[in-house]
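So this block is work-v1.cif, mmCIF, C-alpha atoms:
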```cif
data_input
#
loop_
_atom_site.label_atom_id
_atom_site.label_comp_id
_atom_site.auth_asym_id
_atom_site.auth_seq_id
_atom_site.Cartn_x
_atom_site.Cartn_y
_atom_site.Cartn_z
CA MET F 112 116.36 1.12 162.07
CA THR F 113 115.24 -1.66 159.79
CA PRO F 114 118.35 -3.59 158.76
CA GLY F 115 118.96 -3.87 155.04
CA LEU F 116 116.97 -0.74 154.21
CA ASN F 117 119.63 1.67 152.98
CA SER F 118 118.32 4.06 150.43
CA THR F 119 115.55 5.05 148.05
CA PRO F 120 115.98 6.27 144.48
CA TYR F 121 115.45 9.87 145.64
CA HIS F 122 117.89 9.79 148.54
CA PRO F 123 120.85 7.85 147.26
CA ARG F 124 123.18 7.82 150.27
CA TRP F 125 121.91 7.68 153.83
CA TYR F 126 124.45 8.12 156.54
CA ARG F 127 124.13 5.71 159.47
CA ARG F 128 126.09 6.31 162.62
CA ARG F 129 127.07 3.13 164.45
CA VAL F 130 126.09 2.93 168.12
CA SER F 131 129.29 2.86 170.16
CA VAL F 132 129.84 -0.06 172.55
CA TRP F 133 130.39 2.67 175.15
CA TRP F 134 126.90 4.17 174.62
CA TRP F 135 126.07 3.56 178.27
CA LEU F 136 128.80 6.00 179.33
CA GLU F 137 127.43 8.78 177.11
CA SER F 138 124.90 10.06 179.62
CA ARG F 139 124.31 9.72 183.36
CA PRO F 140 120.82 8.19 183.06
CA TYR F 141 122.19 5.50 180.70
CA THR F 142 124.97 4.66 183.17
CA LEU F 143 122.46 4.48 186.03
CA PHE F 144 120.24 2.23 183.92
CA VAL F 145 123.07 -0.21 183.17
CA THR F 146 124.09 -0.19 186.86
CA ARG F 147 120.49 -0.98 187.80
CA GLU F 148 120.39 -3.87 185.32
CA LEU F 149 123.73 -5.24 186.60
CA THR F 150 122.46 -5.29 190.20
CA SER F 151 120.15 -8.15 189.18
CA LEU F 152 123.30 -10.32 189.23
CA ALA F 153 123.45 -9.72 193.00
CA VAL F 154 119.84 -10.90 193.32
CA ALA F 155 120.76 -14.12 191.48
CA TYR F 156 123.86 -14.47 193.68
CA PHE F 157 121.78 -14.32 196.89
CA ALA F 158 119.31 -16.84 195.48
CA ILE F 159 122.17 -19.29 194.81
CA LEU F 160 123.62 -18.62 198.27
CA PHE F 161 120.22 -19.37 199.80
CA LEU F 162 119.93 -22.67 197.90
CA TRP F 163 123.43 -23.58 199.06
CA LYS F 164 122.43 -22.81 202.64
CA LEU F 165 119.30 -25.01 202.36
CA ASP F 166 121.42 -27.80 200.93
CA ALA F 167 123.87 -27.53 203.84
CA LEU F 168 121.01 -27.44 206.33
CA SER F 169 119.38 -30.57 204.91
CA ALA F 170 122.69 -32.45 205.04
CA GLY F 171 122.86 -32.24 208.84
CA PRO F 172 124.32 -30.08 211.63
CA GLU F 173 127.96 -30.72 210.71
CA SER F 174 127.47 -29.65 207.16
CA TYR F 175 125.60 -26.52 208.30
CA ALA F 176 128.42 -25.66 210.73
CA ARG F 177 130.89 -25.95 207.83
CA PHE F 178 128.69 -23.63 205.78
CA LEU F 179 128.63 -21.05 208.60
CA GLU F 180 132.41 -21.35 208.94
CA TRP F 181 132.71 -20.60 205.22
CA MET F 182 130.51 -17.57 205.60
CA ARG F 183 132.84 -16.12 208.26
CA ASN F 184 135.60 -15.77 205.68
CA PRO F 185 136.29 -12.00 205.53
CA ALA F 186 136.62 -11.99 201.74
CA LEU F 187 133.20 -13.62 201.37
CA ALA F 188 131.73 -11.24 203.97
CA ALA F 189 133.00 -8.31 201.87
CA VAL F 190 131.44 -9.80 198.72
CA ASN F 191 128.16 -10.30 200.59
CA ALA F 192 128.19 -6.71 201.87
CA LEU F 193 128.72 -5.42 198.33
CA ALA F 194 125.97 -7.74 197.02
CA LEU F 195 123.62 -6.46 199.75
CA LEU F 196 124.25 -2.87 198.65
CA MET F 197 123.54 -3.87 195.05
CA VAL F 198 120.28 -5.62 196.04
CA LEU F 199 119.21 -2.54 198.00
CA LEU F 200 119.85 -0.34 194.96
CA HIS F 201 117.92 -2.87 192.87
CA ALA F 202 114.95 -2.82 195.25
CA VAL F 203 114.82 0.96 195.65
CA THR F 204 115.08 1.70 191.92
CA TRP F 205 112.46 -0.97 191.24
CA PHE F 206 110.01 0.47 193.76
CA ASN F 207 110.54 3.94 192.35
CA LEU F 208 109.73 2.67 188.85
CA ALA F 209 106.62 0.75 189.95
CA PRO F 210 104.20 3.72 189.65
CA ARG F 211 105.01 3.97 185.91
CA ALA F 212 104.03 0.33 185.35
CA LEU F 213 100.98 0.19 187.63
CA ALA F 214 98.13 2.41 186.54
CA VAL F 215 95.56 1.60 189.22
CA ARG F 216 92.24 3.35 188.87
CA LEU F 217 89.96 3.81 191.85
CA SER F 218 86.53 5.34 191.22
CA GLY F 219 87.65 6.72 187.87
CA LYS F 220 90.83 8.40 189.13
CA ARG F 221 94.37 7.10 188.76
CA LEU F 222 96.09 6.45 192.10
CA PRO F 223 98.93 8.95 192.63
CA ASP F 224 102.54 7.75 192.26
CA TRP F 225 103.30 8.12 195.96
CA ALA F 226 100.49 5.71 196.89
CA ILE F 227 101.88 2.93 194.65
CA ARG F 228 105.39 3.57 195.96
CA ALA F 229 104.15 3.55 199.58
CA ALA F 230 102.27 0.27 198.99
CA ASN F 231 105.48 -1.34 197.71
CA TYR F 232 107.58 -0.12 200.63
CA GLY F 233 104.78 -1.15 202.99
CA ALA F 234 104.71 -4.69 201.58
CA TRP F 235 108.49 -4.83 201.92
CA ALA F 236 108.31 -3.73 205.58
CA VAL F 237 105.56 -6.28 206.37
CA ALA F 238 107.48 -9.14 204.69
CA THR F 239 110.70 -8.19 206.50
CA SER F 240 108.92 -7.97 209.88
CA LEU F 241 107.33 -11.39 209.33
CA ILE F 242 110.70 -12.96 208.55
CA VAL F 243 112.37 -11.28 211.56
CA TRP F 244 109.48 -12.36 213.82
CA PHE F 245 109.72 -15.93 212.51
CA ALA F 246 113.50 -16.04 212.94
CA GLU F 247 113.46 -14.49 216.45
CA ARG F 248 110.60 -16.65 217.72
CA GLY F 249 113.17 -19.09 219.00
CA MET R 84 123.71 38.73 178.05
CA PRO R 85 125.99 38.15 175.03
CA ASN R 86 125.39 39.76 171.63
CA GLN R 87 125.82 36.54 169.78
CA VAL R 88 126.05 32.81 170.31
CA THR R 89 127.78 30.07 168.31
CA LEU R 90 125.85 27.15 166.86
CA THR R 91 127.84 24.07 165.85
CA VAL R 92 125.67 22.38 163.27
CA THR R 93 126.10 18.95 161.64
CA ARG R 94 126.45 19.15 157.84
CA TYR R 95 126.06 16.17 155.52
CA ARG R 96 125.77 16.63 151.77
CA PRO R 97 125.49 13.11 150.33
CA GLU R 98 126.58 14.23 146.85
CA ARG R 99 130.01 15.36 148.13
CA ASP R 100 130.58 14.27 151.77
CA ALA R 101 131.56 10.75 152.77
CA ALA R 102 130.55 11.44 156.38
CA PRO R 103 128.94 14.27 158.35
CA SER R 104 131.11 17.12 159.62
CA ASP R 105 130.58 20.16 161.85
CA GLN R 106 130.14 23.76 160.76
CA SER R 107 129.99 26.69 163.19
CA PHE R 108 127.85 29.79 162.75
CA ASP R 109 127.68 32.90 164.90
CA VAL R 110 124.08 34.04 165.26
CA PRO R 111 122.64 37.05 167.11
CA PHE R 112 121.55 36.22 170.64
CA ARG R 113 118.02 37.22 171.60
CA LYS R 114 116.48 36.06 174.81
CA ASP R 115 113.19 35.10 173.14
CA TRP R 116 114.90 33.07 170.39
CA VAL R 117 114.78 29.31 170.28
CA VAL R 118 117.29 27.06 168.45
CA LEU R 119 114.89 26.87 165.49
CA ASP R 120 114.96 30.68 165.18
CA ALA R 121 118.76 30.54 165.08
CA LEU R 122 118.66 27.82 162.38
CA ASN R 123 116.25 29.93 160.33
CA HIS R 124 118.59 32.91 160.74
CA ILE R 125 121.43 30.76 159.34
CA LYS R 126 119.26 29.60 156.45
CA ASP R 127 118.02 33.13 155.62
CA ARG R 128 121.20 35.17 156.16
CA LEU R 129 124.31 32.99 156.37
CA ASP R 130 124.01 29.77 154.38
CA GLY R 131 120.89 28.98 152.37
CA SER R 132 122.03 25.41 151.75
CA LEU R 133 121.45 24.27 155.36
CA SER R 134 118.65 21.68 155.42
CA PHE R 135 116.32 20.99 158.34
CA ARG R 136 112.64 20.24 158.90
CA TRP R 137 110.21 22.51 160.66
CA SER R 138 106.63 23.64 160.34
CA CYS R 139 104.48 24.99 163.15
CA ARG R 140 107.23 26.37 165.47
CA MET R 141 104.88 25.91 168.44
CA GLY R 142 105.29 22.32 169.63
CA VAL R 143 102.38 20.82 167.72
CA CYS R 144 103.69 19.41 164.44
CA GLY R 145 106.66 17.44 165.79
CA SER R 146 108.84 18.20 162.74
CA CYS R 147 111.75 20.13 164.24
CA SER R 148 113.19 17.40 166.49
CA MET R 149 116.99 17.43 166.69
CA MET R 150 119.73 16.68 169.17
CA VAL R 151 120.60 19.86 171.07
CA ASN R 152 123.78 19.46 173.10
CA GLY R 153 123.33 15.69 172.90
CA VAL R 154 119.73 15.67 174.16
CA PRO R 155 116.72 15.02 171.88
CA ARG R 156 114.65 18.23 171.86
CA LEU R 157 112.01 20.06 169.85
CA THR R 158 114.16 22.95 168.58
CA CYS R 159 111.09 25.23 168.67
CA ALA R 160 110.97 24.75 172.44
CA ALA R 161 114.72 24.89 173.18
CA PHE R 162 115.57 28.49 174.16
CA LEU R 163 119.04 29.79 173.34
CA LYS R 164 119.24 31.40 176.78
CA ASP R 165 119.15 27.96 178.42
CA PHE R 166 122.35 26.91 176.63
CA LEU R 167 124.59 29.91 177.36
CA PRO R 168 127.43 30.59 176.94
CA GLY R 169 127.50 28.08 174.07
CA PRO R 170 128.57 26.86 171.63
CA ILE R 171 125.29 25.02 171.10
CA ARG R 172 125.65 21.72 169.30
CA VAL R 173 122.81 20.88 166.90
CA GLU R 174 122.81 17.39 165.38
CA PRO R 175 120.29 15.24 163.51
CA LEU R 176 118.10 12.92 165.61
CA ARG R 177 120.16 10.04 166.96
CA TYR R 178 119.60 6.44 165.74
CA PHE R 179 117.98 7.50 162.45
CA PRO R 180 119.77 7.48 159.07
CA VAL R 181 120.72 11.00 157.95
CA LEU R 182 119.47 12.17 154.55
CA ARG R 183 121.07 15.62 154.53
CA ASP R 184 122.40 17.97 157.23
CA LEU R 185 119.77 17.81 160.02
CA VAL R 186 117.14 15.84 158.09
CA VAL R 187 116.65 12.19 159.07
CA GLU R 188 114.87 9.30 157.39
CA ILE R 189 111.78 8.27 159.41
CA GLY R 190 110.35 5.59 157.11
CA ASP R 191 111.23 2.91 159.67
CA PHE R 192 108.93 4.53 162.26
CA MET R 193 106.11 5.05 159.75
CA HIS R 194 106.29 1.38 158.79
CA LYS R 195 106.27 0.23 162.43
CA LEU R 196 103.44 2.59 163.38
CA LYS R 197 101.24 1.07 160.69
CA ARG R 198 101.91 -2.44 162.02
CA VAL R 199 100.25 -1.68 165.38
CA LYS R 200 96.98 -0.63 163.65
CA PRO R 201 96.69 2.89 165.08
CA TRP R 202 93.04 3.27 164.20
CA LEU R 203 89.69 2.15 165.64
CA VAL R 204 89.22 -1.54 164.89
CA GLU R 205 85.54 -2.46 164.96
CA LYS R 206 83.92 -5.88 164.81
CA GLU R 207 81.42 -4.48 162.34
CA ALA R 208 81.05 -0.92 161.18
CA LYS R 209 78.20 0.89 162.92
CA PRO R 210 75.73 2.23 160.34
CA LEU R 211 75.48 6.01 160.24
CA GLU R 212 71.77 6.04 161.08
CA LYS R 213 72.56 4.39 164.45
CA GLY R 214 74.14 7.66 165.49
CA GLU R 215 77.50 8.61 166.97
CA HIS R 216 79.75 6.58 169.25
CA ARG R 217 79.32 8.05 172.71
CA GLN R 218 81.96 8.23 175.39
CA THR R 219 81.83 9.37 178.99
CA PRO R 220 84.53 11.75 180.29
CA GLU R 221 86.03 8.77 182.19
CA GLN R 222 86.23 6.71 178.98
CA LEU R 223 87.94 9.62 177.25
CA ASP R 224 90.30 10.03 180.18
CA ALA R 225 91.42 6.39 179.90
CA TYR R 226 93.32 7.03 176.64
CA LYS R 227 93.61 10.82 176.32
CA GLN R 228 97.17 11.03 177.62
CA PHE R 229 98.45 8.61 174.95
CA SER R 230 96.54 10.43 172.22
CA MET R 231 98.66 13.56 172.79
CA CYS R 232 101.59 12.02 170.84
CA ILE R 233 102.76 14.24 167.96
CA ASN R 234 105.09 11.64 166.36
CA CYS R 235 108.11 13.88 166.97
CA LEU R 236 110.33 10.80 167.52
CA LEU R 237 112.26 12.32 170.44
CA CYS R 238 111.44 9.13 172.37
CA TYR R 239 113.14 6.98 169.70
CA SER R 240 116.27 9.11 169.92
CA ALA R 241 116.25 8.81 173.72
CA CYS R 242 115.94 5.01 173.62
CA PRO R 243 119.24 3.08 173.48
CA ILE R 244 117.29 -0.13 172.83
CA TYR R 245 115.99 1.32 169.55
CA GLY R 246 119.58 2.21 168.60
CA LEU R 247 120.91 -1.24 169.43
CA GLU R 248 117.97 -3.42 168.39
CA GLY R 249 116.69 -2.31 165.01
CA SER R 250 113.60 -4.50 165.11
CA PHE R 251 112.19 -2.79 168.24
CA ILE R 252 108.82 -1.23 167.40
CA GLY R 253 109.67 1.60 169.78
CA PRO R 254 108.08 3.85 172.41
CA ALA R 255 105.70 6.08 170.42
CA ALA R 256 104.21 3.27 168.31
CA ILE R 257 103.51 1.18 171.44
CA ALA R 258 102.02 4.18 173.28
CA LEU R 259 99.77 4.77 170.25
CA ALA R 260 98.75 1.10 170.27
CA GLN R 261 97.74 1.62 173.90
CA ARG R 262 95.84 4.77 172.91
CA TYR R 263 93.51 2.60 170.78
CA ASN R 264 93.49 -0.41 173.15
CA ARG R 265 92.08 1.79 175.89
CA ASP R 266 89.46 3.39 173.71
CA SER R 267 86.00 2.08 174.60
CA ARG R 268 85.03 2.12 170.88
CA ASP R 269 87.93 -0.14 169.85
CA ARG R 270 87.90 -3.94 169.51
CA GLY R 271 91.45 -4.43 168.20
CA ALA R 272 93.37 -5.06 171.44
CA ARG R 273 93.74 -8.77 170.71
CA GLU R 274 95.17 -8.21 167.20
CA ARG R 275 97.61 -5.60 168.53
CA MET R 276 98.74 -7.87 171.34
CA ASP R 277 99.63 -10.59 168.82
CA ILE R 278 101.91 -8.10 167.04
CA LEU R 279 103.36 -6.49 170.15
CA THR R 280 104.24 -9.69 171.99
CA GLU R 281 106.34 -10.91 169.06
CA PRO R 282 110.12 -10.33 169.01
CA GLY R 283 110.64 -6.60 168.46
CA GLY R 284 107.58 -5.81 170.59
CA ILE R 285 107.11 -4.83 174.23
CA TRP R 286 109.54 -7.39 175.64
CA GLU R 287 112.51 -5.71 173.95
CA CYS R 288 111.99 -2.76 176.30
CA THR R 289 114.17 -2.95 179.42
CA PHE R 290 112.61 0.15 180.99
CA VAL R 291 115.39 2.66 180.56
CA GLY R 292 112.68 5.29 181.05
CA GLU R 293 114.38 8.00 178.96
CA CYS R 294 111.55 8.07 176.40
CA THR R 295 109.19 9.45 179.03
CA LYS R 296 111.71 12.13 180.04
CA ALA R 297 112.21 13.16 176.40
CA CYS R 298 108.49 13.38 175.57
CA PRO R 299 107.40 17.03 175.12
CA LYS R 300 103.72 16.07 175.48
CA ASN R 301 103.81 14.03 178.73
CA VAL R 302 102.62 10.92 176.92
CA ASP R 303 104.70 8.62 179.17
CA PRO R 304 105.55 5.91 176.60
CA ALA R 305 107.62 4.01 179.20
CA GLY R 306 104.52 3.73 181.39
CA ALA R 307 102.44 2.61 178.40
CA ILE R 308 104.90 -0.18 177.59
CA GLN R 309 105.18 -1.45 181.19
CA GLN R 310 101.37 -1.40 181.56
CA TYR R 311 101.15 -3.33 178.31
CA LYS R 312 103.61 -5.90 179.66
CA LEU R 313 101.41 -6.40 182.74
CA ALA R 314 98.30 -6.77 180.57
CA SER R 315 100.08 -9.27 178.33
CA LEU R 316 101.25 -11.25 181.37
CA GLY R 317 97.70 -11.30 182.72
CA HIS R 318 96.46 -12.54 179.36
CA TRP R 319 99.10 -15.29 179.32
CA VAL R 320 98.21 -16.45 182.86
CA LYS R 321 94.52 -16.47 181.95
CA ASN R 322 95.22 -18.61 178.89
CA LEU R 323 97.32 -20.96 181.00
CA MET R 324 94.57 -21.39 183.60
CA MET R 325 91.66 -21.51 181.17
CA PRO R 326 93.04 -22.70 177.83
CA ARG R 327 89.59 -23.24 176.38
CA SER R 328 88.27 -19.76 177.11
CA PRO R 329 87.36 -17.79 174.00
CA LYS R 330 90.04 -15.41 172.82
#
```
Whole structure, structure tokens version:
Amino acid sequence: MTPGLNSTPYHPRWYRRRVSVWWWLESRPYTLFVTRELTSLAVAYFAILFLWKLDALSAGPESYARFLEWMRNPALAAVNALALLMVLLHAVTWFNLAPRALAVRLSGKRLPDWAIRAANYGAWAVATSLIVWFAERG
Amino acid sequence: MPNQVTLTVTRYRPERDAAPSDQSFDVPFRKDWVVLDALNHIKDRLDGSLSFRWSCRMGVCGSCSMMVNGVPRLTCAAFLKDFLPGPIRVEPLRYFPVLRDLVVEIGDFMHKLKRVKPWLVEKEAKPLEKGEHRQTPEQLDAYKQFSMCINCLLCYSACPIYGLEGSFIGPAAIALAQRYNRDSRDRGARERMDILTEPGGIWECTFVGECTKACPKNVDPAGAIQQYKLASLGHWVKNLMMPRSPK
């Protein structure tokens, strides 16, 4: 709706309905969409937590021990568990949307949705295995 | 099966109403009737003053778009039997100004559509004697899906971003820009990208995805916009790496 454009000589009074601030509760897909967008806050939260951890690690063993002690706080553990759930929702909804954004053509035919989705999950699995392998290497 | 079904229809008569109100009509129920048939029954038999747009009644013209039970639908493809027991709520398309009853003002879309140059842009016009522009089936396939758009505007009514951010060019216009960008005969992709990467363009879209669900022609405007974002990002990276490369 172009702001400021309200009428023409032939149609003297247009009626405009205002969009409610509660529009995102009006349908289930809208609510899911807003939930998906909000889960990005959890991604940012984990990024900050990671930076904090690196900072503690670089400041020496004592500082890192203090950081770990902090992390054992049950309230913080509960927040982290919730944030993990949010990040998982974020990742899964993102992977499921990826086939819409990626139109890959191989020998003239568009790759099917499942192939793009599988490639994303595959990359996720490989990255996770690499990190676990690196961490468990001793 | 019932004998009749109730339609609750939005009425707005600008010469006497300050705001729209509802009016209910009982119409005969027939299993092969769509909402548009019921509206035509009201217009012919019950109240001739009811205003709404329609033309082909077969999903081609895109004129009869309305909100049916809160969902943007082509009323010629919305069967009464799918909304039993009723009442069925029929409202004008969401996010557009209402002119009268179920008729909305679509000038905003027409204006935005024109901005994305939905025609073949050529460097220089090919003289007639040089013959026709040829395309392989693969080249046709690259844009055919986006060319199926009938400008019915259901995608605009499904998009909360369009409702909240008036400057957003919107799903159908961007899908139609992609229709020409992907056409092997077209040379206008660069000009369209300048328009569509401005505020109000592709970056307003937050990928709600409802436009694609609402589309009666499987155009997938949400896909078109996300693919456009990727292309625009690629273009930006290329310019960053090779600033002197010709545009």
With a distance cut-off of 9 Å and only C-alpha atoms, select the neighbouring residues of Glu188 of chain R, excluding the residue or stretch itself and same-chain residues fewer than 6 positions from it, and output the selection as a compact mmCIF listing (two decimals) with C-alpha atoms, in the coordinates of the input.
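Now in around.txt:
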```txt
# COMPACT_ATOMS: atom_id res chain seq x y z
CA TRP F 125 121.91 7.68 153.83
CA PHE R 179 117.98 7.50 162.45
CA PRO R 180 119.77 7.48 159.07
CA VAL R 181 120.72 11.00 157.95
CA LEU R 182 119.47 12.17 154.55
```
| task | Considering all atoms listed in the file, extract the chain R residues located within 10 Å of chain F and return them as a VMD selection string. | result | chain R and resid 95 to 98 100 to 103 153 to 154 177 to 183 187 to 192 194 to 195 220 to 222 224 to 225 241 to 243 245 to 252 289 to 293 295 303 to 313
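Taking all atoms listed in the file into account, Ile285 of chain R lies nearest to R:Gly253 out of the set R:Gly253, R:Gln228, R:Arg140, R:Ile125.
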| task | With a distance cut-off of 12 Å and only C-alpha atoms, select the neighbouring residues of Val198 of chain F, excluding the residue or stretch itself and same-chain residues fewer than 2 positions from it, and output the selection as a PyMOL selection string. | result | chain F and resi 146-158+191-196+200-205
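Taking atom CA of Val118 of chain R and atom CA of Thr158 of chain R as the two end points, the separation is 5.2 Å.
Across the model, the gap from atom CA of Trp319 of chain R to atom CA of Leu223 of chain R is 27.4 Å.
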| request: I need the residue set behind the PyMOL selection byres ((chain R and resi 109) around 7) for this file; please write it as a ChimeraX atom specification. | output: /R:87-90,107-108,110-111
Got a sec to resolve the PyMOL selection byres ((chain R and resi 185) around 9) on this structure and send the residues as a PDB file with C-alpha atoms, keeping the file's coordinate frame?
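See expr01.pdb below for the written result:
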```pdb
ATOM      1  CA  VAL R  92     125.670  22.380 163.270  1.00  0.00           C
ATOM      2  CA  THR R  93     126.100  18.950 161.640  1.00  0.00           C
ATOM      3  CA  ARG R  94     126.450  19.150 157.840  1.00  0.00           C
ATOM      4  CA  TYR R  95     126.060  16.170 155.520  1.00  0.00           C
ATOM      5  CA  LEU R 133     121.450  24.270 155.360  1.00  0.00           C
ATOM      6  CA  SER R 134     118.650  21.680 155.420  1.00  0.00           C
ATOM      7  CA  PHE R 135     116.320  20.990 158.340  1.00  0.00           C
ATOM      8  CA  ARG R 136     112.640  20.240 158.900  1.00  0.00           C
ATOM      9  CA  MET R 149     116.990  17.430 166.690  1.00  0.00           C
ATOM     10  CA  VAL R 173     122.810  20.880 166.900  1.00  0.00           C
ATOM     11  CA  GLU R 174     122.810  17.390 165.380  1.00  0.00           C
ATOM     12  CA  PRO R 175     120.290  15.240 163.510  1.00  0.00           C
ATOM     13  CA  LEU R 176     118.100  12.920 165.610  1.00  0.00           C
ATOM     14  CA  VAL R 181     120.720  11.000 157.950  1.00  0.00           C
ATOM     15  CA  LEU R 182     119.470  12.170 154.550  1.00  0.00           C
ATOM     16  CA  ARG R 183     121.070  15.620 154.530  1.00  0.00           C
ATOM     17  CA  ASP R 184     122.400  17.970 157.230  1.00  0.00           C
ATOM     18  CA  VAL R 186     117.140  15.840 158.090  1.00  0.00           C
ATOM     19  CA  VAL R 187     116.650  12.190 159.070  1.00  0.00           C
TER      20      VAL R 187
END
```
| Separation of atom CA of Asp224 of chain F and atom CA of Arg139 of chain F, in Å? | 23.6 Å
| Residue with smallest distance to Val199 of chain R - pool R:Arg217, R:Lys126, R:Arg273, R:Arg172, counting all atoms listed in the file | R:Arg273
